[in-house]
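Q: What follows is a structure written as structure tokens; I'll ask about it next.
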Amino acid sequence: MAAVRVRVAPLLYAYTGGLKTVEVEAASVGGAIAAVDHRFPGVAFRVVDEQGGVRPHMNIFLGEQSVRDLDTPVFAGAEIYIVGALSGG
Amino acid sequence: MTQPVAPVGANTWILGTRKGAWALNPSGQMGEPWFFGAQVHHVLQDPRGGATLLAAVRTGHLGPTVYRSKDGGRTWKEAEKPPRFRAKEEYENSSLSADDPRRQGLVLDHVFFLAPGHSSQPGVWFAGVSPIGLFKSEDDGVTWEGVSGFNDSPILAKWCYNFAPGTPDGPKCHSVQVDPTNPRRMLLGLSGGGLFLSEDLGGSWRPVNGGVAMDFAPPKEDGTDYEYGHDPHDAVIHPVNPRRWYHQNHCGIYRLDWNDNGGEQRWKRIGNNMPKDVGDIGFPMTCHPRDDKTVWVVPMDGGTVWPRTSVNGKPAVFRTRDAGESWQRLDRGLPSRAWHTVLRQAMAHNGGTSLELAFGTTSGEVWGSTDEGDSWTSLATGLPKIMSLTAARLD
């Protein structure tokens with residue numbers, strides 16, 4: 001387990017009570033999202049669908065690296081960004 | 001029909017649109033939108049006196065969910081457990097066929113249709129979704145579970161074209177109705193797939209499509225009807241005569257008077273009595289809440305490439321007072337030239353003693369009538385695409 005920071009986009013502030021960054025302990029990107037959900041129930045299902053896939057119009061970055069595989073391991077001090085994709089209209 | 005029974009004292013039209021929901025009050029004013037920017041497929045107030053409002057909401061990024069309000073829409077709270085399909089792993093040892101999409105895992109796209117449970121079961125709600133599925137809440141919309149007798153049924157894949165996307169915006173489960181005289185008896189519609197009946201609280205289902213046309217399929221070689229595969233757009237169990245059903249189909253307008261003698265249940269195409277130059281294609285089916293012979297439909301062009309706009313560019317509502325044996329054109333006050341599309345959930349009555357009607361168009365107009373459709377006035381313009389219109393009592 002590593003201490004990581006999860007930075008969430010404004011479209012998720014309603015779920016995090018306005019918090020822009022959530023610090024959690026996790027071994028993987030998916031674990032970090034689950035840890036955020038443990039603190040703010042409901043947020044994970046807005047990012048990851050019921051089959052375990054990242055929603056098509058959501059993006060997750062580990063540092064600068066785009067991540068779709070939620071088993072991607074994380075390291076101490078990593079920053080995970082959960083953002084809305086460039087889509088809409 | 002999305003709302004056969006309106007809340008007592010309904011005084012507001014609730015508009016679900018492509019960009020949020022609005023409450024249109026009796027003075028014609030609208031406040032700030034709810035869920036601004038999100039797709040709102042349906043907003044429904046509990047007609048059983050509980051006053052709960054539920055909203056089927058989807059944002060492009062964050063996916064589908066259900067919100068609920070207990071204070072007339074002043075505040076909303078998301079369901080703690082919104083509808084979601086089973087994980088694919090749960091079907092590994094099931095009897096589903098190898099190519100059944102449930103084995104690969106269905107992902108909920110949007111909640112399409114909200115329906116209250118029986119009046120004897122306060123707090124029970126149903127939700128029809130896309131891809132096709134049925135969900136139930138027993139705690140007034142806080143948590144939702146799949147109706148296993150429907151969602152997990154092996155034959156469902158046959159009934160609904162193996163969940164293939166055919167209907168615009170995705171295949172849909174809609175017109176979920178509970179028989180007001182029997183809480184074990186339910187009807188629902190699949191686009192596409194047909195109409196299906198359960199008589200055991202949703203534990204099992206069977207098709208009820210006898211007599212319904214399927215112009216988009218070749219005739220069966222043995223001359224019999226297709227049992228399923230139809231495309232009902234909007235169906236209703238009449239609230240004061242539950243043995244009488246109506247539905248607007250992709251292929252016509254139908255009435256079914258339930259056969260209690262054990263014979264086959266067959267729909268009668270009452271749309272054959274519509275003027276031939278208008279036809280009987282459309283989406284909404286709105287029935288009078290106290291008179292089982294009066295219904296309203298909004299014909300749309302079903303020819304050529306199915307434009308689904310006002311026939312010949314002349315908007316009109318049609319009403320029958322004799323259960324579909326004859327129809328009256330109602331266009332006073334409507335534009336002489338316009339190409340309206342009125343979606344299946346975008347027409348309602350307010351349930352009042354002096355019955356008012358309204359419908360919304362995909363071009364963002366709302367039209368209302370205070371004389372049961374004899375004449376119409378513009379209630380609102382300039383809204384986003386209207387996907388649903390229901391009546392609510394907001395104080």
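All residue names refer to the structure tokens as shown: chains lettered A, B, ... in order, residues numbered from 1 in each chain, ligands numbered from 1 in order.
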Mind checking which residues fall within 7 Å of segment 69-76 of chain A, counting only C-alpha atoms, ignoring those fewer than 2 positions away in the same chain, and posting them as an MDAnalysis selection string?
A: chainID A and resid 2:4 27:30 67 78
Q: Keeping only N, CA and C atoms, take the residues you just selected and write them out as an mmCIF file, in the first residue's frame.
A:
```cif
data_model
loop_
_atom_site.group_PDB
_atom_site.id
_atom_site.type_symbol
_atom_site.label_atom_id
_atom_site.label_comp_id
_atom_site.auth_asym_id
_atom_site.auth_seq_id
_atom_site.Cartn_x
_atom_site.Cartn_y
_atom_site.Cartn_z
ATOM 1 N N ALA A 2 0.440 2.217 -0.738
ATOM 2 C CA ALA A 2 1.211 3.459 -0.833
ATOM 3 C C ALA A 2 0.283 4.648 -0.605
ATOM 4 N N ALA A 3 0.844 5.675 -0.039
ATOM 5 C CA ALA A 3 0.068 6.905 0.152
ATOM 6 C C ALA A 3 0.045 7.675 -1.169
ATOM 7 N N VAL A 4 -1.152 7.906 -1.694
ATOM 8 C CA VAL A 4 -1.281 8.619 -2.971
ATOM 9 C C VAL A 4 -2.302 9.751 -2.818
ATOM 10 N N ALA A 27 -2.868 0.251 -3.365
ATOM 11 C CA ALA A 27 -1.833 -0.476 -4.097
ATOM 12 C C ALA A 27 -1.999 -0.314 -5.612
ATOM 13 N N SER A 28 -3.183 0.111 -6.045
ATOM 14 C CA SER A 28 -3.453 0.228 -7.478
ATOM 15 C C SER A 28 -4.347 1.439 -7.722
ATOM 16 N N VAL A 29 -4.500 1.783 -8.984
ATOM 17 C CA VAL A 29 -5.389 2.898 -9.335
ATOM 18 C C VAL A 29 -6.822 2.579 -8.905
ATOM 19 N N GLY A 30 -7.253 1.334 -9.202
ATOM 20 C CA GLY A 30 -8.601 0.942 -8.800
ATOM 21 C C GLY A 30 -8.757 0.959 -7.288
ATOM 22 N N VAL A 67 -4.513 6.087 -17.890
ATOM 23 C CA VAL A 67 -4.684 4.727 -17.374
ATOM 24 C C VAL A 67 -6.120 4.282 -17.588
ATOM 25 N N ALA A 78 2.430 9.095 -5.474
ATOM 26 C CA ALA A 78 1.822 9.239 -6.810
ATOM 27 C C ALA A 78 0.611 10.166 -6.749
#
```
Q: Write down, as a list in words, each residue of chain A that has any atom within 10 Å of an atom of chain B, counting only C-alpha atoms.
A: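 Matching residues, ligands excluded from the count: Leu11, Leu12, Tyr15, Pro41, Gly42, Val43, Ala44, Phe45, Arg46, Val47, Val48, Asp49, Glu50, Gln51, Gly52, Gly53, Arg55, Pro56, His57, Met58, Asn59, Val83, Gly84, Ala85, Leu86, Ser87, Gly88 and Gly89 of chain A.
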Q: Using only C-alpha atoms, which of the listed residues (B:Gly31, B:Trp76, B:Ile237, B:Gln121) sits closest to Leu53 of chain B?
A: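 Looking at the shortest contact to Leu53 of chain B, the residue is B:Trp76.
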Q: What residues in segment 8-72 of chain A get the DSSP label strand (DSSP E or B)? Please answer as a ChimeraX atom specification.
A: /A:8,21-26,28,48,54,58-62,65-67
Q: For segment 367-384 of chain B, find every residue with an atom within 10 Å (counting only C-alpha atoms), except residues of its own chain fewer than 6 positions away, and show them as a PyMOL selection string.
A: chain B and resi 13+15-22+24-30+37+288+294+296+316-319+328-335+347-350+354-361
Q: Please provide as JSON, numbers by chain all residues within 10 Å of His340 of chain B, with the sequence filter that same-chain residues fewer than 4 positions apart are discarded (counting only C-alpha atoms).
A: {"B": [298, 299, 300, 308, 309, 310, 311, 313, 314, 315, 316, 335, 360, 361, 362, 363, 364, 365]}
Q: Can you work out which one of B:Met274, B:Val240, B:Cys160, B:Met1 has the shortest atom-to-atom distance to Glu227 of chain B, counting only C-alpha atoms?
A: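 Comparing B:Met274, B:Val240, B:Cys160, B:Met1 against Glu227 of chain B, the winner is B:Cys160.
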Q: Have a look at atom CA of Ala55 of chain B and atom CA of Leu190 of chain B and let me know their distance in Å, one decimal.
A: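 Taking atom CA of Ala55 of chain B as the start and atom CA of Leu190 of chain B as the end point, the length is 20.5 Å.
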Q: Nearest residue to Ser204 of chain B out of B:His238, B:Arg184, B:Lys220, B:Lys136, using only C-alpha atoms?
A: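 Using only C-alpha atoms, Ser204 of chain B sits closest to B:Arg184.
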Q: Point out the residue among B:Thr224, B:Gln3, B:Thr320, B:Asn151 with the least atom-to-atom distance to Pro131 of chain B, counting only C-alpha atoms.
A: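 Closest to Pro131 of chain B of all the choices is B:Asn151.
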Q: What does the structure give for the distance between atom CA of Trp258 of chain B and atom CA of Asp280 of chain B, in Å to one decimal?
A: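 The value is 22.1 Å.
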Q: Could you pull the residues within 12 Å of Gly18 of chain A, counting only C-alpha atoms, minus those fewer than 4 positions along the same chain, as a list in words?
A: Arg7, Val8, Ala9, Pro10, Leu11, Leu12, Tyr13, Ala14, Val22 and Phe40 of chain A
Q: Keeping only C-alpha atoms, write the selected residues as an mmCIF file, in the first residue's frame.
A:
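Final output, saved to out31.cif:
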```cif
data_model
loop_
_atom_site.group_PDB
_atom_site.id
_atom_site.type_symbol
_atom_site.label_atom_id
_atom_site.label_comp_id
_atom_site.auth_asym_id
_atom_site.auth_seq_id
_atom_site.Cartn_x
_atom_site.Cartn_y
_atom_site.Cartn_z
ATOM 1 C CA ARG A 7 -7.160 14.857 -7.567
ATOM 2 C CA VAL A 8 -10.731 15.043 -8.778
ATOM 3 C CA ALA A 9 -12.266 17.252 -11.426
ATOM 4 C CA PRO A 10 -14.999 19.781 -10.600
ATOM 5 C CA LEU A 11 -17.730 17.495 -11.938
ATOM 6 C CA LEU A 12 -17.064 15.248 -8.928
ATOM 7 C CA TYR A 13 -16.990 17.939 -6.255
ATOM 8 C CA ALA A 14 -20.637 17.233 -5.464
ATOM 9 C CA VAL A 22 -8.272 13.172 -1.448
ATOM 10 C CA PHE A 40 -17.335 9.453 -0.255
#
```
Q: Could you name the residues that touch Arg185 of chain B at 8 Å or less, counting only C-alpha atoms, but leaving out those on the same chain fewer than 3 positions away, as a list in words?
A: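 Once the adjacent positions are removed, what remains is Val178, Asp179, Asn182, Leu197, Ser198, Glu199, Asp200, Leu201 and Gly202 of chain B.
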Q: Can you pull out every residue within 12 Å of Arg74 of chain B, counting only C-alpha atoms, but drop anything in the same chain fewer than 3 positions away, and send it as a count of residues only?
A: 16
Q: According to DSSP computed on the backbone, where in chain A is there alpha helix (DSSP H)? Give the residues as a short mmCIF file (atom, residue, chain, number, x, y, z; two decimals) with N, CA and C atoms, in the first residue's frame.
A:
```cif
data_model
loop_
_atom_site.label_atom_id
_atom_site.label_comp_id
_atom_site.auth_asym_id
_atom_site.auth_seq_id
_atom_site.Cartn_x
_atom_site.Cartn_y
_atom_site.Cartn_z
N TYR A 13 -17.00 17.24 -7.55
CA TYR A 13 -16.99 17.94 -6.26
C TYR A 13 -18.27 17.68 -5.47
N ALA A 14 -19.38 17.48 -6.18
CA ALA A 14 -20.64 17.23 -5.46
C ALA A 14 -20.54 15.96 -4.63
N TYR A 15 -19.67 15.06 -5.07
CA TYR A 15 -19.51 13.81 -4.34
C TYR A 15 -18.48 13.92 -3.23
N THR A 16 -17.47 14.79 -3.41
CA THR A 16 -16.39 14.89 -2.41
C THR A 16 -16.61 16.06 -1.46
N VAL A 29 -4.50 1.78 -8.98
CA VAL A 29 -5.39 2.90 -9.33
C VAL A 29 -6.82 2.58 -8.90
N GLY A 30 -7.25 1.33 -9.20
CA GLY A 30 -8.60 0.94 -8.80
C GLY A 30 -8.76 0.96 -7.29
N GLY A 31 -7.71 0.55 -6.59
CA GLY A 31 -7.76 0.58 -5.13
C GLY A 31 -7.88 2.00 -4.60
N ALA A 32 -7.22 2.92 -5.27
CA ALA A 32 -7.30 4.32 -4.84
C ALA A 32 -8.72 4.86 -5.03
N ILE A 33 -9.33 4.48 -6.16
CA ILE A 33 -10.70 4.94 -6.40
C ILE A 33 -11.65 4.32 -5.37
N ALA A 34 -11.42 3.05 -5.07
CA ALA A 34 -12.26 2.40 -4.06
C ALA A 34 -12.08 3.07 -2.70
N ALA A 35 -10.86 3.48 -2.40
CA ALA A 35 -10.61 4.14 -1.11
C ALA A 35 -11.31 5.50 -1.06
N VAL A 36 -11.31 6.20 -2.17
CA VAL A 36 -12.04 7.48 -2.21
C VAL A 36 -13.53 7.21 -2.02
N ASP A 37 -14.02 6.13 -2.64
CA ASP A 37 -15.44 5.79 -2.52
C ASP A 37 -15.80 5.41 -1.09
N HIS A 38 -14.87 4.79 -0.42
CA HIS A 38 -15.13 4.42 0.98
C HIS A 38 -15.39 5.68 1.81
N ARG A 39 -14.68 6.73 1.47
CA ARG A 39 -14.85 7.98 2.21
C ARG A 39 -16.04 8.78 1.68
#
```
Q: By how many Å are atom CA of Ser130 of chain B and atom CA of Ile155 of chain B apart?
A: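 Answer for the atom CA of Ser130 of chain B to atom CA of Ile155 of chain B separation: 17.5 Å.
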